[in-house]
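Colleague: So that we are looking at the same thing, I have put the structure below in structure tokens.
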Protein chains: 4
Amino acid sequence: MTRPQVNLTGIRLGLIDQSTVVKVVKEVTEEDRRRQALLDARPPLDTVLNMHDFETIARTVLPEKAWAYYSSASDDEITLRENRMAYQRVWFRPRILRDVSSVDWSTTILGQKSSLPLYISATALGKLGHPDGELCLTKAAANHGVIQMIATLASCAIDDILDAAAPGQTFFLQLYVNRDREITRKYVQHAEARGVKGLFITVDAPQLGRREKDMRMKFVGDDAGAEVQKGQDVKKDQGVARAISSFIDPSLAWKDIPWFKSITKMPIIIKGIATAEDAILAYEAGVQGIVLSNHGGRQLDTARSGLEVLVEVTAALRRRGYWPDPRFEIYVDGGVRRASDVLKAIALGAKAVGVGRPFLYAFCAYGQEGVERAIQLFRDEFEMNMRLLGARTIDEVVPDMVDAGSLAAHTVLTPEDNLFNQTYQPLSLAKFKEAKL
Amino acid sequence: MTRPQVNLTGIRLGLIDQSTVVKVVKEVTEEDRRRQALLDARPPLDTVLNMHDFETIARTVLPEKAWAYYSSASDDEITLRENRMAYQRVWFRPRILRDVSSVDWSTTILGQKSSLPLYISATALGKLGHPDGELCLTKAAANHGVIQMIATLASCAIDDILDAAAPGQTFFLQLYVNRDREITRKYVQHAEARGVKGLFITVDAPQLGRREKDMRMKFVGDDAGAEVQKGQDVKKDQGVARAISSFIDPSLAWKDIPWFKSITKMPIIIKGIATAEDAILAYEAGVQGIVLSNHGGRQLDTARSGLEVLVEVTAALRRRGYWPDPRFEIYVDGGVRRASDVLKAIALGAKAVGVGRPFLYAFCAYGQEGVERAIQLFRDEFEMNMRLLGARTIDEVVPDMVDAGSLAAHTVLTPEDNLFNQTYQPLSLAKFKEAKL
Amino acid sequence: MTRPQVNLTGIRLGLIDQSTVVKVVKEVTEEDRRRQALLDARPPLDTVLNMHDFETIARTVLPEKAWAYYSSASDDEITLRENRMAYQRVWFRPRILRDVSSVDWSTTILGQKSSLPLYISATALGKLGHPDGELCLTKAAANHGVIQMIATLASCAIDDILDAAAPGQTFFLQLYVNRDREITRKYVQHAEARGVKGLFITVDAPQLGRREKDMRMKFVGDDAGAEVQKGQDVKKDQGVARAISSFIDPSLAWKDIPWFKSITKMPIIIKGIATAEDAILAYEAGVQGIVLSNHGGRQLDTARSGLEVLVEVTAALRRRGYWPDPRFEIYVDGGVRRASDVLKAIALGAKAVGVGRPFLYAFCAYGQEGVERAIQLFRDEFEMNMRLLGARTIDEVVPDMVDAGSLAAHTVLTPEDNLFNQTYQPLSLAKFKEAKL
Amino acid sequence: MTRPQVNLTGIRLGLIDQSTVVKVVKEVTEEDRRRQALLDARPPLDTVLNMHDFETIARTVLPEKAWAYYSSASDDEITLRENRMAYQRVWFRPRILRDVSSVDWSTTILGQKSSLPLYISATALGKLGHPDGELCLTKAAANHGVIQMIATLASCAIDDILDAAAPGQTFFLQLYVNRDREITRKYVQHAEARGVKGLFITVDAPQLGRREKDMRMKFVGDDAGAEVQKGQDVKKDQGVARAISSFIDPSLAWKDIPWFKSITKMPIIIKGIATAEDAILAYEAGVQGIVLSNHGGRQLDTARSGLEVLVEVTAALRRRGYWPDPRFEIYVDGGVRRASDVLKAIALGAKAVGVGRPFLYAFCAYGQEGVERAIQLFRDEFEMNMRLLGARTIDEVVPDMVDAGSLAAHTVLTPEDNLFNQTYQPLSLAKFKEAKL
């Protein structure tokens, strides 16, 4: 494995000449050698036991700029971390003495089969971290019956991804709406024509967030970029995120939803709902689903986690008689690291959850194999946790199986009494004698 | 004391030929020498003042693999630690000016006398940590009138344990139900025939948990194993826990309970209840008791502590008029380290508590004497705490003596404002002048 | 930039002879050289991304005494830090799919235009930290349409500040009421005559707080001081704060408010309200506004944050039918570091917020340019956050956009179980092999 | 100042021959030299700004055994620290614009004048820490009009203390009730005859607590001991606390209260009440007051703080119409370090608070002068805080001045997600360039 070599292919939408692909070959630098040594020293893949392992390995082997872009979130990164903490505030109420000799964690998402109750959520600029970029996800997803959501800002052109698909493989499309709606129309209709099964319109990013880790690492190189931006005039002095945000339309509004329905038959999902009020509006707008998301903590800091919003949203929809409704699915994303997290979201009403960074880090660290290992780990955990929960199918994962009573508690400690803490001498344990070892 | 020498005796069930015992004698390795040096340096036993001391000493002197197996819990080990934290959320309301010149903390458990309101709970594979394995517990328990629960997965054969018993010594049996019910029937009936007084059926382990500490320490050696598994085909690449789980029946269900009642007259206790719903089912199934337990945090992570479940369970049983009922006893286990913990559980309705790892670590660190010291420490603490609580007998330990109002609060901090914390300069204390010492 | 040279000009009130200005020129000491080296090493201004950066840079470059005076707060500095923590307990409920192509965060304060919904709050003794003192604020404020509140204890004479103003620049005056009311009368009327637009009477400092950081750094030098104190007898052995408090009148009471109304037509604002009860008294006293403030944590420690008081105050005023009332504005100050903080206060009912130390540290670190950068950073954040909140104008920042349910929770951890914490071994991640880098 | 020389004077009760005093003069050891060097290096007394300073200085200069005895508390020392934390859960609601030019924080306690709303609470074995023992307290108390409570287990004989008193100086007596009531009767009547003004009967120590810090430092020397124990047979192998507990009567009960009333006219106060139930019994028993106390955390661990109990007690007494009642005073002790703490307790209904260890540490560190400095610091803080609270007298310190809504919240964090925490990379601040200093 060598340093990522990045294809700058331009926006193609299935109608672009493959011969325009420019292959950039770099000389091997000191930095490249250092990175190669780190890649050689990676832990064997079978010693990777959880998603945190992938992240910490990726952090070590990634170029600094890529790590900054991927890992950063907005302002104080409180929402980023809250996404994880929220899952810690939900506890299980497992049932016992049910025959769990066979358990099945497969489900459907927008009517499409999924071997796991999760999908690979969109993350941008995959080639910053691996030369094959998002194709690592595509091939692993094919092997395991998992659905991939293709990002508008993927490094790989959408057609490259779809060309690499296995027969019958399912994809969704994540959409940033362009200021030029004609570009958007073509992009959406092309995706539909090529068999994409769902359109996830991102609505929480009228402007891409201020991400300080990323900003401290100014985006001045020219060695990577989103496919869809080729040739556009991009402000490059405030990190990757600001650089790629210029073509997103901040005027997008509820009034635009009918237009989307007019240009595609794909189910439309609104991605980035953060309140019960907007969930109701989405239902009334006649879309097929919503993603309760804060964009991985990358947009409005101190926005609440999708998991917390889920409780508010299902209660509000239910009060109006809108839900449960098989034609309206609710997803959450952000902070998922364990199958147990997914099961908590499902117990609280989610149809499935989106998992983004963990798969991204998996391929940054080990390419396609990393993603396959990640899926395998989730599978092992689903088997274990469903047995231990006493749920044989996803339908048996019900609200009574969780205690979410602390989910809305946003606990912040009042400041410490530092003088007291410095003064107090903690207890200590029994002391060993000197040993010669 | 030398390095543990492990008896691989095979499953005997009282009918197995003693001559099959194979004594494995190892050469003295560098690792053995290192371990011996550590054993020599142990703190004198009378400087051990609490259960934490035993654990930290065991951690130092145990072979890494044994420590990993004993100490590990599932996933993020959150439930393991929550078991301890739960006791910290219950506070005492002690009564004063009662004549406490004599206090008595003895009780009965399933009608059997117990000098303390606790029993030695089942832990597996004791010979990983001490050559005498669970016999250390047996002999210490005999000397102090404490009841030992024998583990299905004990390193010592059940008959070796019962053979070592003092006259009239009381035992309970912890049962993993085998896929082959005939094996289970023989095992249970043999135990009953030999005088075991209670059958604790473990129901929270249809599959043994994913324990990452243990998994990182793959189980490839052949120097220890559970008695009951001899000659079985065991998958050995995922740590000790996975290796020993293969014969447990995941299809065990409520419908099987009558069968157990048909094969034994021993009281039947369901071990691993985690919700009020299942406590009600257990009562209605006509068993003699339940253990509110999450298997020491080793099964479903983020399951709640037994202590927290206790409050929910007693309230629900009481609402139905099922409880208090002298024919139905409630125990909790997990996280107990102090007599004060035990008293809190009793105040909240437990008949007794199970204590597992602390006694395990006590014998890993000091053999039988360690266990005796541990019992003595509990006894000292019971005397002290009952006096200070104003309770002269276990019956006087009542709900009003505790404030459990914070028990159900699962507090997780929202993420820190790291920049602020890095910026703020804490106060400091008055500074000494330079001193020549 | 050299070591601060301090003008000791005496109280002028616009009627004092400029020729009395004494310019103190110091020799260059070792300390000066050290400080100059630190100033030379400051991060480039465009790498400063937030207010915390300014504070940490100021801490490094400031003379110790100045840092101690500026950063210190009373007793255990709990309120100081609580001011920041309170903002962390309020979470956003952002709205989506609103056309946010243009957003406007300008507002009016006491009827005066302000380009941002915040004002520069009064801080004392600016020349301890920069030779130009508060003039840095004045010039930056002029360039950005921000209102400056002039401190009674500013190092720069009020007339020097007003002389430096741009045409039409708006100022407010912060007032410590003197024991000699004639001095106060002249001071207020002079300010009004020179065009100051609001009078903020500080009521939370009948005596200046015990600030231990400051006290440990006894104020024995003569190289800086508040303009208004020249020639007064000042006790100098308990830090800067105690030194400058001697002329403040502790007898100031509600009965004095009519007198203030009689001597000025400026709107009168009471600064330092900490309860709903006093907010009601203020409204009934007929003043034009209140600042919910604890004096930056520098007065009564463990007083609550202004943000928390805001919720209590608006509820109480509303219950009496006193509010909303366009003639009565509510401000808060303390702990603001992000535009998102400001928006939270506005959502909860504040008209604007006061920002003190961040601007002070900005000029201590970089002079006027630092303040301009700070304002620019706030502006960038307002643009971003209003878009992400779905609010196009300040009026659209409404209560439903925040969840303040945890704001009144003053969470303090019960003490840790240190023995358990020392005993528990945390999980670790997958390990890299040795790498040669 | 030299190493403490300890007087072993025997129990005298005012009737014992002074000539029996044995003066033990020790040779100067290496340890003595080390301690003298530390004493020489103490911070100048005027740089001591708060009670924590005294404690940290005492910790450094005290012999290890003395520090272990004084600082230790029972079991995990959770109650010890909770006593402090409880004050952090009460916040001020200060009032403004009241004329606070003069403030008065004096009060009466059991009808006796006290210059501060606190008394010096009983602590044992003062000569372990200073050769003059409790006389340091006596002389400082005389100079400042503060009441001293004399401990049964004081190192100084009660008559030595009373002999050293200034004319009219007020004392209370803390009483451990002896198994031999005749000894107790003589002791109490002697104290009354010598003018002691109140009898505080300790009821929370039927057996002295298990204090592990102290136990790790076995009490085998013979160089100090309580006056009242001379010649008694004392078990010396479990630390100081166990050594001195043998003569306390564990049978003391409510039925004994009338006997105390029959032997003395002093007001009787029950010290160690921990529940509303017992407060009611105390009131009904006709005593003059109660101390809500957990014995400085030295008896039953995880008992609640006196401050928290105060809220429960005043509510319960009030519900029965027992309180307010000028003939029944309520005190609290434990954890007080600031005048603001005292004011919080008073606002919540306490007549005064007991302060023990801070004064003990003050004299261990600086003798009588230390205690005087400690009193002075409290006085400065009372002046400041009453002004800032808007309370001119102790009577004006009312419940509305505090927010105790979080006082009963016993928050314990659920366990951390360690893998996530290890994985997450915190934000960092702007970096300085290299500087040559």
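Each chain of the structure tokens is named A, B, ... in the order shown, its residues numbered from 1; ligands are numbered from 1 in display order.
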For chain B, work out the contacting residues on chain A at 8 Å, counting only C-alpha atoms, and write them as an NGL selection string.
Modeller: :A and (47 or 49 or 76 or 78-79 or 81-82 or 85 or 88-101 or 381 or 384-385 or 387-389 or 406 or 409-413 or 418-419 or 429-437)
Colleague: Can you write out the residues you just picked, keeping N, CA and C atoms, as a compact mmCIF listing (two decimals), in the first residue's frame?
Modeller:
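Output file out_12.txt follows:
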# COMPACT_ATOMS: atom_id res chain seq x y z
N THR A 47 -6.87 -8.35 15.09
CA THR A 47 -6.79 -7.82 16.47
C THR A 47 -7.63 -6.56 16.63
N LEU A 49 -10.90 -5.00 17.30
CA LEU A 49 -12.07 -5.59 17.94
C LEU A 49 -13.28 -4.67 17.97
N ASP A 76 -16.78 23.92 19.34
CA ASP A 76 -16.10 23.19 20.41
C ASP A 76 -16.28 21.68 20.31
N ILE A 78 -18.71 19.88 20.68
CA ILE A 78 -19.52 19.34 21.76
C ILE A 78 -20.58 18.39 21.21
N THR A 79 -21.21 18.79 20.13
CA THR A 79 -22.23 17.91 19.54
C THR A 79 -21.59 16.63 19.02
N ARG A 81 -19.22 14.93 20.24
CA ARG A 81 -19.03 14.00 21.34
C ARG A 81 -20.37 13.64 22.00
N GLU A 82 -21.27 14.61 22.05
CA GLU A 82 -22.60 14.34 22.59
C GLU A 82 -23.28 13.21 21.82
N MET A 85 -22.13 10.29 23.62
CA MET A 85 -22.57 10.26 25.01
C MET A 85 -24.06 9.92 25.12
N GLN A 88 -24.84 6.49 25.77
CA GLN A 88 -24.51 6.04 27.13
C GLN A 88 -25.60 6.37 28.13
N ARG A 89 -26.53 7.21 27.73
CA ARG A 89 -27.60 7.57 28.67
C ARG A 89 -28.83 6.68 28.51
N VAL A 90 -28.75 5.74 27.59
CA VAL A 90 -29.85 4.78 27.41
C VAL A 90 -29.34 3.42 27.88
N TRP A 91 -30.13 2.78 28.73
CA TRP A 91 -29.72 1.50 29.33
C TRP A 91 -30.68 0.41 28.91
N PHE A 92 -30.16 -0.80 28.88
CA PHE A 92 -30.98 -1.91 28.43
C PHE A 92 -31.82 -2.50 29.56
N ARG A 93 -32.97 -3.01 29.17
CA ARG A 93 -33.83 -3.82 30.04
C ARG A 93 -34.01 -5.17 29.35
N PRO A 94 -33.03 -6.02 29.47
CA PRO A 94 -33.04 -7.27 28.70
C PRO A 94 -34.03 -8.29 29.27
N ARG A 95 -34.64 -9.06 28.40
CA ARG A 95 -35.57 -10.12 28.79
C ARG A 95 -34.89 -11.47 28.73
N ILE A 96 -35.31 -12.36 29.61
CA ILE A 96 -34.63 -13.64 29.72
C ILE A 96 -35.58 -14.81 29.43
N LEU A 97 -35.01 -15.98 29.33
CA LEU A 97 -35.75 -17.23 29.14
C LEU A 97 -36.69 -17.18 27.92
N ARG A 98 -36.14 -16.65 26.84
CA ARG A 98 -36.78 -16.77 25.54
C ARG A 98 -35.85 -17.64 24.72
N ASP A 99 -36.39 -18.45 23.88
CA ASP A 99 -35.56 -19.32 23.06
C ASP A 99 -34.85 -18.48 22.00
N VAL A 100 -33.56 -18.22 22.22
CA VAL A 100 -32.81 -17.38 21.28
C VAL A 100 -31.78 -18.20 20.52
N SER A 101 -32.13 -19.47 20.24
CA SER A 101 -31.15 -20.27 19.50
C SER A 101 -30.93 -19.70 18.11
N GLU A 381 -21.58 -8.55 17.05
CA GLU A 381 -22.23 -7.86 18.16
C GLU A 381 -23.75 -7.96 18.09
N MET A 384 -24.75 -11.40 19.38
CA MET A 384 -24.60 -11.45 20.83
C MET A 384 -25.69 -10.63 21.52
N ASN A 385 -25.84 -9.40 21.10
CA ASN A 385 -26.71 -8.50 21.83
C ASN A 385 -28.19 -8.86 21.68
N ARG A 387 -29.36 -11.87 21.30
CA ARG A 387 -29.56 -13.00 22.22
C ARG A 387 -29.69 -12.51 23.65
N LEU A 388 -28.80 -11.63 24.04
CA LEU A 388 -28.79 -11.19 25.43
C LEU A 388 -29.98 -10.29 25.76
N LEU A 389 -30.47 -9.59 24.74
CA LEU A 389 -31.66 -8.76 24.94
C LEU A 389 -32.93 -9.60 25.00
N SER A 406 -32.84 8.98 31.24
CA SER A 406 -31.81 10.01 31.43
C SER A 406 -31.38 10.64 30.12
N ALA A 409 -31.18 14.44 29.85
CA ALA A 409 -30.42 15.14 30.90
C ALA A 409 -29.08 15.59 30.35
N HIS A 410 -28.93 16.87 30.18
CA HIS A 410 -27.67 17.43 29.67
C HIS A 410 -26.84 17.88 30.85
N THR A 411 -26.16 16.96 31.44
CA THR A 411 -25.49 17.26 32.69
C THR A 411 -24.12 17.87 32.45
N VAL A 412 -23.94 19.00 33.07
CA VAL A 412 -22.65 19.68 33.05
C VAL A 412 -22.27 19.88 34.50
N LEU A 413 -21.09 19.58 34.85
CA LEU A 413 -20.70 19.77 36.24
C LEU A 413 -20.54 21.24 36.54
N ASN A 418 -11.28 23.54 43.37
CA ASN A 418 -9.91 23.08 43.10
C ASN A 418 -9.04 23.06 44.35
N LEU A 419 -9.22 24.04 45.22
CA LEU A 419 -8.39 24.06 46.43
C LEU A 419 -8.68 22.83 47.29
N LEU A 429 -4.00 2.06 48.28
CA LEU A 429 -4.15 0.62 48.47
C LEU A 429 -2.96 0.06 49.24
N ALA A 430 -3.06 -1.21 49.62
CA ALA A 430 -1.95 -1.87 50.31
C ALA A 430 -0.72 -1.87 49.40
N LYS A 431 0.43 -1.70 50.00
CA LYS A 431 1.66 -1.57 49.22
C LYS A 431 2.43 -2.88 49.17
N PHE A 432 2.92 -3.21 47.99
CA PHE A 432 3.83 -4.34 47.85
C PHE A 432 5.17 -4.00 48.49
N LYS A 433 5.85 -5.04 48.93
CA LYS A 433 7.25 -4.86 49.32
C LYS A 433 8.08 -4.75 48.04
N GLU A 434 9.31 -4.37 48.20
CA GLU A 434 10.23 -4.34 47.05
C GLU A 434 10.36 -5.74 46.47
N ALA A 435 10.24 -5.87 45.15
CA ALA A 435 10.42 -7.18 44.53
C ALA A 435 11.54 -7.12 43.52
N LYS A 436 12.33 -8.16 43.47
CA LYS A 436 13.36 -8.24 42.43
C LYS A 436 12.81 -9.03 41.27
N LEU A 437 12.58 -8.40 40.13
CA LEU A 437 11.93 -9.07 39.00
C LEU A 437 12.90 -9.29 37.84
Colleague: Residues of region 263-401 of chain D classed as strand (DSSP E) by DSSP on the backbone are to be reported as number ranges by chain.
Modeller: D: 268-273, 289-292, 329-333, 352-355
Colleague: Filtering to N, CA and C atoms, could you give me those residues as a compact mmCIF listing (two decimals), in the first residue's frame?
Modeller:
# COMPACT_ATOMS: atom_id res chain seq x y z
N ILE D 268 -28.68 20.88 77.06
CA ILE D 268 -28.21 19.62 76.48
C ILE D 268 -28.48 19.64 74.98
N ILE D 269 -27.44 19.30 74.23
CA ILE D 269 -27.54 19.27 72.77
C ILE D 269 -27.13 17.87 72.31
N ILE D 270 -27.91 17.31 71.42
CA ILE D 270 -27.58 15.99 70.90
C ILE D 270 -26.80 16.16 69.60
N LYS D 271 -25.60 15.64 69.61
CA LYS D 271 -24.69 15.85 68.48
C LYS D 271 -24.56 14.56 67.68
N GLY D 272 -25.01 14.64 66.42
CA GLY D 272 -24.89 13.48 65.55
C GLY D 272 -26.23 13.02 64.98
N ILE D 273 -27.20 13.93 64.95
CA ILE D 273 -28.51 13.62 64.35
C ILE D 273 -28.35 13.56 62.83
N GLY D 289 -31.15 21.52 71.82
CA GLY D 289 -30.67 21.67 70.44
C GLY D 289 -30.11 20.38 69.90
N ILE D 290 -29.76 20.44 68.64
CA ILE D 290 -29.18 19.28 67.96
C ILE D 290 -28.09 19.75 67.02
N VAL D 291 -27.10 18.88 66.85
CA VAL D 291 -26.09 19.13 65.82
C VAL D 291 -26.29 18.09 64.73
N LEU D 292 -26.58 18.57 63.53
CA LEU D 292 -26.70 17.69 62.37
C LEU D 292 -25.28 17.43 61.90
N GLU D 329 -32.28 25.00 69.22
CA GLU D 329 -31.37 25.48 68.16
C GLU D 329 -30.82 24.31 67.35
N ILE D 330 -30.59 24.60 66.10
CA ILE D 330 -30.08 23.57 65.19
C ILE D 330 -28.71 24.02 64.68
N TYR D 331 -27.75 23.15 64.82
CA TYR D 331 -26.41 23.43 64.28
C TYR D 331 -26.06 22.38 63.25
N VAL D 332 -25.13 22.70 62.41
CA VAL D 332 -24.57 21.69 61.52
C VAL D 332 -23.06 21.78 61.61
N ASP D 333 -22.40 20.68 61.32
CA ASP D 333 -20.95 20.76 61.19
C ASP D 333 -20.50 19.85 60.07
N ALA D 352 -26.02 28.20 64.03
CA ALA D 352 -24.58 28.41 63.88
C ALA D 352 -24.01 27.11 63.33
N VAL D 353 -22.75 27.15 62.96
CA VAL D 353 -22.12 25.93 62.47
C VAL D 353 -20.87 25.63 63.30
N GLY D 354 -20.52 24.36 63.36
CA GLY D 354 -19.29 23.95 64.02
C GLY D 354 -18.16 23.81 63.01
N VAL D 355 -17.01 24.33 63.39
CA VAL D 355 -15.83 24.22 62.52
C VAL D 355 -14.75 23.51 63.32
Colleague: Could you give me the residues within region 330-369 of chain A that DSSP places in helix (DSSP H, G or I), as a list in words?
Modeller: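 So the helix (DSSP H, G or I) residues in region 330-369 of chain A would be Ala339, Ser340, Asp341, Val342, Leu343, Lys344, Ala345, Ile346, Ala347, Arg357, Pro358, Phe359, Leu360, Tyr361, Ala362, Phe363, Cys364, Ala365, Tyr366, Gly367, Gln368 and Glu369 of chain A.
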Colleague: Measuring atom to atom with only C-alpha atoms, identify which of A:Ile120, A:Ala404, A:Ala140, A:Leu110 is nearest to Gln368 (chain A).
Modeller: A:Ala140
